[in-house]
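Engineer: Dropping the structure in here first, questions after.
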Amino acid sequence: MAQTQDKVPASILVGLLVLAAAGLLSGLYAGLARLGLWAGSGHAISPTAHGPLMINGFLGTLIGLERAAALEKKWAFAAPVFMAASTLLMLAGLHVPAGWALILGSVGLTLVMGFLYYLQPNIYHLIMALGAVSLLAGNLLYINAYPVYSLVGWWAAFPMLTIFGERLELNRIMRPPKQARRLFAGLIMGWILALAVMHIDRRVGWSIASVLLIGISGWLIKYDIARRTIKAAAWTRYSAICLLSGYAWLILAGLLGLFIGLPTAGPLYDGILHMIFVGFVFSMIFAHASVIIPSLSGMHIPWHTYFYLPLILLHIFLISRLVGDLLWMPVIRKIGGYGNVAAIMLFLGGILFMLVRQAVNQRNHRKETSA
Amino acid sequence: MNESTIDRREIARKLREVIDPELGVNIVDLGLVYNILYDDGRVIVEFTATTPGCPMRRFLRQQVEEKLASIDEIREYEALLVWEPEWNVDMIEEDVDFFANPPPQL
């Protein structure tokens, strides 16, 4: 008989995971509405909710849940609960309480990340904690009615710093030189400062941020385990391809940002943001799904080469979106945007199918053995 | 609690079947298993994770408990997560081949 230490039932983890998925789906819906789909008809979800839902409703809930599950402290679940509540309140049209839920969720996440740094004061925990602080900064500006273009850098910093910290933590096994680790930390700290500079001089701030982004991506390509794991198989190889392609998108975003800055609206603004949020962040989500889902649900996702299909489509349609942005061809941009949503849905559908098929196979196997 | 070398070897062999999905290495070679305590059919495995924020620790505990449950002689068991001493890369066995093992299928 096991004496388990689990404090939080798996049903709560899965329930919050479903709410994170609700944040994603509603965020994608708002994104499609933003692209002009269902134009002329009333939208169930405001197109302007696209950013908040994707950053807070989806990423905030998912990352908050992942950390809370790791810490196994009940108070840590306040962060994903408030983030998920913000999604529900936003969908109900209750924007003021939704805003407060965003703040409470991001304060909760900052406390969780800060607690991790307190437990182990390492640079990778500090980077992740700064990611949570960035989310809080972005959300404070958001509920104080600052325009999204002025705060979107802080929103972007949340998933980026979380991922950078995680990669640095995992890369310990490769024993990178101490100087290289310091360089990485320095590039990231400089990047955060550049985001602050943007509030004084947007062009200068984003130019510095772009140069540093290229440096960070170059560091990751050189030192991340992905260059080694790409020679492996199944999920390990797939994750490596996702990681390296995500880093490549960051370099491209950095190069484009260096030449044009970060406009406040329009196709180029759309292009740079989606290179980061779709090209980098979703590549990272595809890369980590095989680890995140077992850690929360206890269910391993069987590997299938099918998963390359949504990954390839994600990149192809993002290229299409970017071409549409750069050449001022809205139809091409729309096709790219719709295609990106389809790629994400195909990935989620594939995960769900594999999990259900595995559960059915296991049930049949149990029936056969008990018969 | 007394310790039995023979039983601990059998338990360690089973624990080598627990693979860290992120690294493709079993938890014994990673140096994550700190102690195996045994007494009269009751076993406590003290293990750690690479970081307190490791999302895989719940999954690893499930796997450890599954392996302990598969040993007939064990009547009662506990997978006890500890944080002292703090894990570091020097605890990894020499010449470990990372990502050599695919993650386990449940």
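Identifiers for the structure tokens are assigned positionally: chains receive A, B, ... in sequence, residues are indexed from 1 per chain, and ligands are indexed from 1 in the order shown.
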Could you please tell me, as number ranges by chain, which residues of chain B have an atom within 6 Å of chain A when using only C-alpha atoms?
Structural biologist: B: 53-56, 59, 76-78, 89
Engineer: What's the 12 Å shell around stretch 182-195 of chain A, counting only C-alpha atoms, without same-chain residues fewer than 6 positions away, as JSON, numbers by chain?
Structural biologist: {"A": [122, 123, 124, 125, 126, 127, 128, 130, 131, 133, 134, 137, 138, 150, 151, 152, 153, 154, 155, 156, 157, 158, 160, 161, 162, 163, 164, 165, 167, 168, 169, 171, 176, 201, 202, 203, 204, 205, 206, 207, 208, 209, 210, 211, 212, 213, 214, 215, 216, 217, 218, 219, 220, 221, 222, 223, 224, 254, 262]}
Engineer: So that I can see what lies close to B:Ile44, please list as a list in words the residues with an atom at most 7 Å from it, counting only C-alpha atoms and leaving out residues fewer than 5 positions away in the same chain.
Structural biologist: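 These residues fall inside the cut-off: Ile36, Leu37, Tyr38, Tyr77, Glu78, Ala79 and Leu80 of chain B.
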Engineer: Write out, as a short mmCIF file (atom, residue, chain, number, x, y, z; two decimals), in the first residue's frame, the residues just selected, with N, CA and C atoms.
Structural biologist:
```cif
data_model
loop_
_atom_site.label_atom_id
_atom_site.label_comp_id
_atom_site.auth_asym_id
_atom_site.auth_seq_id
_atom_site.Cartn_x
_atom_site.Cartn_y
_atom_site.Cartn_z
N ILE B 36 17.31 4.07 0.02
CA ILE B 36 16.27 3.04 0.01
C ILE B 36 16.28 2.41 1.40
N LEU B 37 15.24 2.65 2.14
CA LEU B 37 15.15 2.15 3.52
C LEU B 37 14.16 1.00 3.55
N TYR B 38 14.56 -0.10 4.22
CA TYR B 38 13.76 -1.32 4.17
C TYR B 38 13.63 -1.90 5.56
N TYR B 77 4.78 0.69 1.01
CA TYR B 77 5.87 1.48 0.44
C TYR B 77 5.52 2.97 0.43
N GLU B 78 6.57 3.77 0.31
CA GLU B 78 6.40 5.22 0.24
C GLU B 78 7.49 5.81 -0.62
N ALA B 79 7.09 6.66 -1.55
CA ALA B 79 8.06 7.41 -2.36
C ALA B 79 8.14 8.80 -1.74
N LEU B 80 9.24 9.06 -1.06
CA LEU B 80 9.36 10.29 -0.26
C LEU B 80 10.27 11.29 -0.96
#
```
Engineer: As a ChimeraX atom specification, please: every residue in stretch 218-268 of chain A that DSSP puts in alpha helix (DSSP H).
Structural biologist: /A:218-223,226-229,234-260,267-268
Engineer: Could you write those residues out with N, CA, C and O atoms, as a short mmCIF file (atom, residue, chain, number, x, y, z; two decimals), in the first residue's frame?
Structural biologist:
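Once written, out_6.cif looks like this:
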```
data_model
loop_
_atom_site.label_atom_id
_atom_site.label_comp_id
_atom_site.auth_asym_id
_atom_site.auth_seq_id
_atom_site.Cartn_x
_atom_site.Cartn_y
_atom_site.Cartn_z
N GLY A 218 20.86 32.99 -30.50
CA GLY A 218 22.13 32.38 -30.93
C GLY A 218 22.74 31.54 -29.81
O GLY A 218 23.24 30.43 -30.04
N TRP A 219 22.67 32.06 -28.60
CA TRP A 219 23.19 31.31 -27.43
C TRP A 219 22.44 29.99 -27.29
O TRP A 219 23.05 28.93 -27.08
N LEU A 220 21.11 30.07 -27.41
CA LEU A 220 20.30 28.85 -27.24
C LEU A 220 20.63 27.83 -28.33
O LEU A 220 20.72 26.63 -28.07
N ILE A 221 20.79 28.30 -29.56
CA ILE A 221 21.11 27.36 -30.64
C ILE A 221 22.46 26.69 -30.36
O ILE A 221 22.63 25.49 -30.57
N LYS A 222 23.41 27.46 -29.84
CA LYS A 222 24.75 26.91 -29.60
C LYS A 222 24.77 25.98 -28.39
O LYS A 222 25.36 24.91 -28.43
N TYR A 223 24.09 26.37 -27.30
CA TYR A 223 24.26 25.63 -26.04
C TYR A 223 23.10 24.73 -25.66
O TYR A 223 23.25 23.88 -24.77
N ALA A 226 19.13 20.83 -27.61
CA ALA A 226 18.38 20.48 -28.82
C ALA A 226 19.29 20.05 -29.97
O ALA A 226 18.93 19.16 -30.75
N ARG A 227 20.47 20.64 -30.07
CA ARG A 227 21.36 20.27 -31.18
C ARG A 227 21.84 18.83 -31.04
O ARG A 227 22.25 18.19 -31.99
N ARG A 228 21.78 18.34 -29.80
CA ARG A 228 22.17 16.94 -29.58
C ARG A 228 20.95 16.01 -29.68
O ARG A 228 21.02 14.96 -30.29
N THR A 229 19.84 16.45 -29.09
CA THR A 229 18.66 15.58 -29.05
C THR A 229 17.98 15.44 -30.41
O THR A 229 17.16 14.56 -30.60
N ALA A 234 11.59 9.86 -31.93
CA ALA A 234 10.25 10.08 -31.36
C ALA A 234 10.08 11.49 -30.78
O ALA A 234 10.51 12.46 -31.40
N TRP A 235 9.49 11.58 -29.57
CA TRP A 235 9.21 12.88 -28.97
C TRP A 235 10.48 13.69 -28.76
O TRP A 235 10.48 14.93 -28.88
N THR A 236 11.58 13.03 -28.41
CA THR A 236 12.82 13.76 -28.11
C THR A 236 13.31 14.51 -29.35
O THR A 236 13.67 15.69 -29.28
N ARG A 237 13.32 13.81 -30.49
CA ARG A 237 13.73 14.46 -31.73
C ARG A 237 12.75 15.56 -32.14
O ARG A 237 13.15 16.65 -32.56
N TYR A 238 11.48 15.25 -31.98
CA TYR A 238 10.43 16.21 -32.34
C TYR A 238 10.59 17.49 -31.52
O TYR A 238 10.53 18.60 -32.06
N SER A 239 10.80 17.33 -30.22
CA SER A 239 10.97 18.49 -29.35
C SER A 239 12.17 19.32 -29.80
O SER A 239 12.11 20.56 -29.80
N ALA A 240 13.25 18.64 -30.16
CA ALA A 240 14.46 19.36 -30.59
C ALA A 240 14.18 20.19 -31.84
O ALA A 240 14.63 21.34 -31.95
N ILE A 241 13.44 19.60 -32.78
CA ILE A 241 13.10 20.33 -34.01
C ILE A 241 12.23 21.55 -33.67
O ILE A 241 12.43 22.64 -34.20
N CYS A 242 11.27 21.33 -32.77
CA CYS A 242 10.41 22.46 -32.34
C CYS A 242 11.27 23.56 -31.71
O CYS A 242 11.10 24.75 -32.01
N LEU A 243 12.18 23.17 -30.83
CA LEU A 243 13.01 24.15 -30.12
C LEU A 243 13.86 24.95 -31.11
O LEU A 243 13.87 26.18 -31.07
N LEU A 244 14.56 24.25 -31.99
CA LEU A 244 15.46 24.94 -32.92
C LEU A 244 14.69 25.83 -33.88
O LEU A 244 15.13 26.94 -34.20
N SER A 245 13.52 25.36 -34.33
CA SER A 245 12.74 26.21 -35.24
C SER A 245 12.20 27.43 -34.48
O SER A 245 12.13 28.53 -35.05
N GLY A 246 11.86 27.25 -33.21
CA GLY A 246 11.42 28.39 -32.40
C GLY A 246 12.53 29.41 -32.24
O GLY A 246 12.29 30.62 -32.33
N TYR A 247 13.75 28.95 -32.01
CA TYR A 247 14.88 29.88 -31.86
C TYR A 247 15.12 30.63 -33.18
O TYR A 247 15.46 31.82 -33.18
N ALA A 248 14.95 29.90 -34.30
CA ALA A 248 15.14 30.55 -35.61
C ALA A 248 14.12 31.68 -35.80
O ALA A 248 14.47 32.76 -36.31
N TRP A 249 12.88 31.45 -35.37
CA TRP A 249 11.86 32.51 -35.49
C TRP A 249 12.24 33.72 -34.64
O TRP A 249 12.00 34.87 -35.03
N LEU A 250 12.83 33.48 -33.49
CA LEU A 250 13.25 34.61 -32.64
C LEU A 250 14.33 35.43 -33.33
O LEU A 250 14.34 36.67 -33.25
N ILE A 251 15.26 34.74 -34.00
CA ILE A 251 16.32 35.46 -34.72
C ILE A 251 15.71 36.32 -35.83
O ILE A 251 16.06 37.49 -36.01
N LEU A 252 14.76 35.72 -36.57
CA LEU A 252 14.11 36.47 -37.64
C LEU A 252 13.34 37.67 -37.09
O LEU A 252 13.38 38.77 -37.67
N ALA A 253 12.65 37.46 -35.95
CA ALA A 253 11.92 38.57 -35.31
C ALA A 253 12.90 39.66 -34.89
O ALA A 253 12.63 40.86 -35.04
N GLY A 254 14.07 39.25 -34.39
CA GLY A 254 15.09 40.21 -33.99
C GLY A 254 15.61 40.99 -35.18
O GLY A 254 15.76 42.23 -35.11
N LEU A 255 15.87 40.30 -36.29
CA LEU A 255 16.39 40.97 -37.48
C LEU A 255 15.38 41.97 -38.03
O LEU A 255 15.72 43.11 -38.37
N LEU A 256 14.11 41.53 -38.09
CA LEU A 256 13.07 42.43 -38.61
C LEU A 256 12.90 43.63 -37.67
O LEU A 256 12.81 44.78 -38.12
N GLY A 257 12.90 43.35 -36.37
CA GLY A 257 12.73 44.42 -35.38
C GLY A 257 13.87 45.42 -35.41
O GLY A 257 13.69 46.61 -35.16
N LEU A 258 15.05 44.92 -35.76
CA LEU A 258 16.23 45.79 -35.83
C LEU A 258 16.07 46.82 -36.94
O LEU A 258 16.48 47.98 -36.81
N PHE A 259 15.45 46.39 -38.04
CA PHE A 259 15.32 47.29 -39.19
C PHE A 259 14.10 48.20 -39.10
O PHE A 259 14.14 49.34 -39.53
N ILE A 260 13.00 47.67 -38.53
CA ILE A 260 11.76 48.48 -38.57
C ILE A 260 11.26 48.87 -37.18
O ILE A 260 10.27 49.57 -37.07
N PRO A 267 0.45 45.87 -40.37
CA PRO A 267 0.95 44.55 -40.74
C PRO A 267 2.31 44.20 -40.14
O PRO A 267 2.55 43.05 -39.76
N LEU A 268 3.22 45.18 -40.06
CA LEU A 268 4.56 44.86 -39.55
C LEU A 268 4.51 44.58 -38.04
O LEU A 268 5.23 43.71 -37.53
#
```
Engineer: If DSSP is run on the backbone, what residues of stretch 62-101 of chain B are strand (DSSP E or B)? A reply as a PyMOL selection string would be ideal.
Structural biologist: chain B and resi 76-81
Engineer: Take the residues just selected and output them with N, CA and C atoms as a short mmCIF file (atom, residue, chain, number, x, y, z; two decimals), in the first residue's frame.
Structural biologist:
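Saved file result_9.cif follows:
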```cif
data_model
loop_
_atom_site.label_atom_id
_atom_site.label_comp_id
_atom_site.auth_asym_id
_atom_site.auth_seq_id
_atom_site.Cartn_x
_atom_site.Cartn_y
_atom_site.Cartn_z
N GLU B 76 4.31 -2.63 2.07
CA GLU B 76 3.94 -1.23 2.23
C GLU B 76 5.09 -0.37 1.70
N TYR B 77 4.78 0.69 1.01
CA TYR B 77 5.87 1.48 0.44
C TYR B 77 5.52 2.97 0.43
N GLU B 78 6.57 3.77 0.31
CA GLU B 78 6.40 5.22 0.24
C GLU B 78 7.49 5.81 -0.62
N ALA B 79 7.09 6.66 -1.55
CA ALA B 79 8.06 7.41 -2.36
C ALA B 79 8.14 8.80 -1.74
N LEU B 80 9.24 9.06 -1.06
CA LEU B 80 9.36 10.29 -0.26
C LEU B 80 10.27 11.29 -0.96
N LEU B 81 9.69 12.41 -1.37
CA LEU B 81 10.46 13.43 -2.06
C LEU B 81 11.20 14.30 -1.04
#
```
Engineer: Distance atom CA of A:Pro121-atom CA of A:Ala79, one decimal place?
Structural biologist: 21.3 Å
Engineer: Under the rule that only C-alpha atoms are counted, which of A:Ile344, A:Val107, A:Val96, A:Leu19 is the nearest residue to A:Asn144?
Structural biologist: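 When distances to A:Asn144 are compared using only C-alpha atoms, the smallest one comes from A:Val96.
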Engineer: Hey, what's within 9 Å of stretch 91-96 of chain B if we count only C-alpha atoms and toss same-chain stuff fewer than 4 positions away? As a list of chain:residue names, please?
Structural biologist: A:Ile173, B:Val25, B:Val28, B:Asp29, B:Leu30, B:Gly31, B:Leu32, B:Trp87, B:Ala100
Engineer: Keeping only N, CA, C and O atoms, write those residues as a tab-separated table (two decimals), in the first residue's frame.
Structural biologist:
```tsv
chain	number	residue	atom	x	y	z
A	173	ILE	N	22.91	19.97	-17.47
A	173	ILE	CA	23.51	18.65	-17.74
A	173	ILE	C	24.58	18.71	-18.82
A	173	ILE	O	25.43	17.84	-18.90
B	25	VAL	N	17.06	9.40	-19.10
B	25	VAL	CA	17.99	8.65	-18.24
B	25	VAL	C	17.22	8.17	-17.02
B	25	VAL	O	16.31	8.87	-16.55
B	28	VAL	N	18.02	6.50	-11.12
B	28	VAL	CA	19.15	6.05	-10.28
B	28	VAL	C	20.45	6.62	-10.85
B	28	VAL	O	21.27	7.21	-10.12
B	29	ASP	N	20.65	6.47	-12.16
B	29	ASP	CA	21.87	6.99	-12.79
B	29	ASP	C	21.92	8.52	-12.76
B	29	ASP	O	23.00	9.11	-12.78
B	30	LEU	N	20.75	9.14	-12.70
B	30	LEU	CA	20.73	10.61	-12.59
B	30	LEU	C	21.13	11.08	-11.19
B	30	LEU	O	21.36	12.26	-10.98
B	31	GLY	N	21.17	10.14	-10.26
B	31	GLY	CA	21.52	10.51	-8.88
B	31	GLY	C	20.34	11.08	-8.12
B	31	GLY	O	20.52	11.76	-7.10
B	32	LEU	N	19.12	10.80	-8.60
B	32	LEU	CA	17.94	11.35	-7.94
B	32	LEU	C	17.47	10.49	-6.77
B	32	LEU	O	16.73	10.97	-5.91
B	87	TRP	N	20.13	18.64	-5.31
B	87	TRP	CA	20.70	17.87	-6.43
B	87	TRP	C	21.57	18.77	-7.31
B	87	TRP	O	21.27	19.95	-7.48
B	100	ALA	N	19.12	8.29	-24.15
B	100	ALA	CA	19.26	6.95	-24.72
B	100	ALA	C	17.97	6.15	-24.53
B	100	ALA	O	17.68	5.25	-25.31
```
Engineer: Please provide as a list in words all residues within 6 Å of A:Ala84, with the sequence filter that same-chain residues fewer than 4 positions apart are discarded (counting only C-alpha atoms).
Structural biologist: Leu19, Gly57, Thr61 and Pro80 of chain A
Engineer: For stretch 51-53 of chain A, please output as a ChimeraX atom specification all residues within 9 Å (counting only C-alpha atoms; exclusion window: fewer than 4 positions along the same chain).
Structural biologist: /A:23-28,30-31,47,57-59,86-87,90,102,139,142,148,152,155
Engineer: How would the residues just chosen look if you wrote them out with C-alpha atoms as a short mmCIF file (atom, residue, chain, number, x, y, z; two decimals), in the first residue's frame?
Structural biologist:
```cif
data_model
loop_
_atom_site.label_atom_id
_atom_site.label_comp_id
_atom_site.auth_asym_id
_atom_site.auth_seq_id
_atom_site.Cartn_x
_atom_site.Cartn_y
_atom_site.Cartn_z
CA GLY A 23 -8.57 30.16 -22.62
CA LEU A 24 -6.72 28.96 -25.72
CA LEU A 25 -9.85 28.16 -27.72
CA SER A 26 -11.59 31.43 -26.85
CA GLY A 27 -8.35 33.31 -27.58
CA LEU A 28 -8.09 31.65 -30.99
CA ALA A 30 -11.06 36.13 -30.85
CA GLY A 31 -8.00 35.98 -33.11
CA PRO A 47 -11.76 40.54 -31.09
CA GLY A 57 -6.34 32.83 -20.03
CA PHE A 58 -4.14 30.29 -21.79
CA LEU A 59 -0.45 30.81 -20.96
CA SER A 86 -10.33 35.85 -15.60
CA THR A 87 -11.12 33.84 -18.75
CA MET A 90 -14.02 37.99 -19.67
CA LEU A 102 -5.70 38.98 -14.01
CA ASN A 139 -1.39 43.41 -16.70
CA TYR A 142 -3.51 46.79 -19.25
CA VAL A 148 -1.79 47.05 -25.94
CA VAL A 152 2.84 43.92 -25.35
CA TRP A 155 3.31 40.24 -22.11
#
```
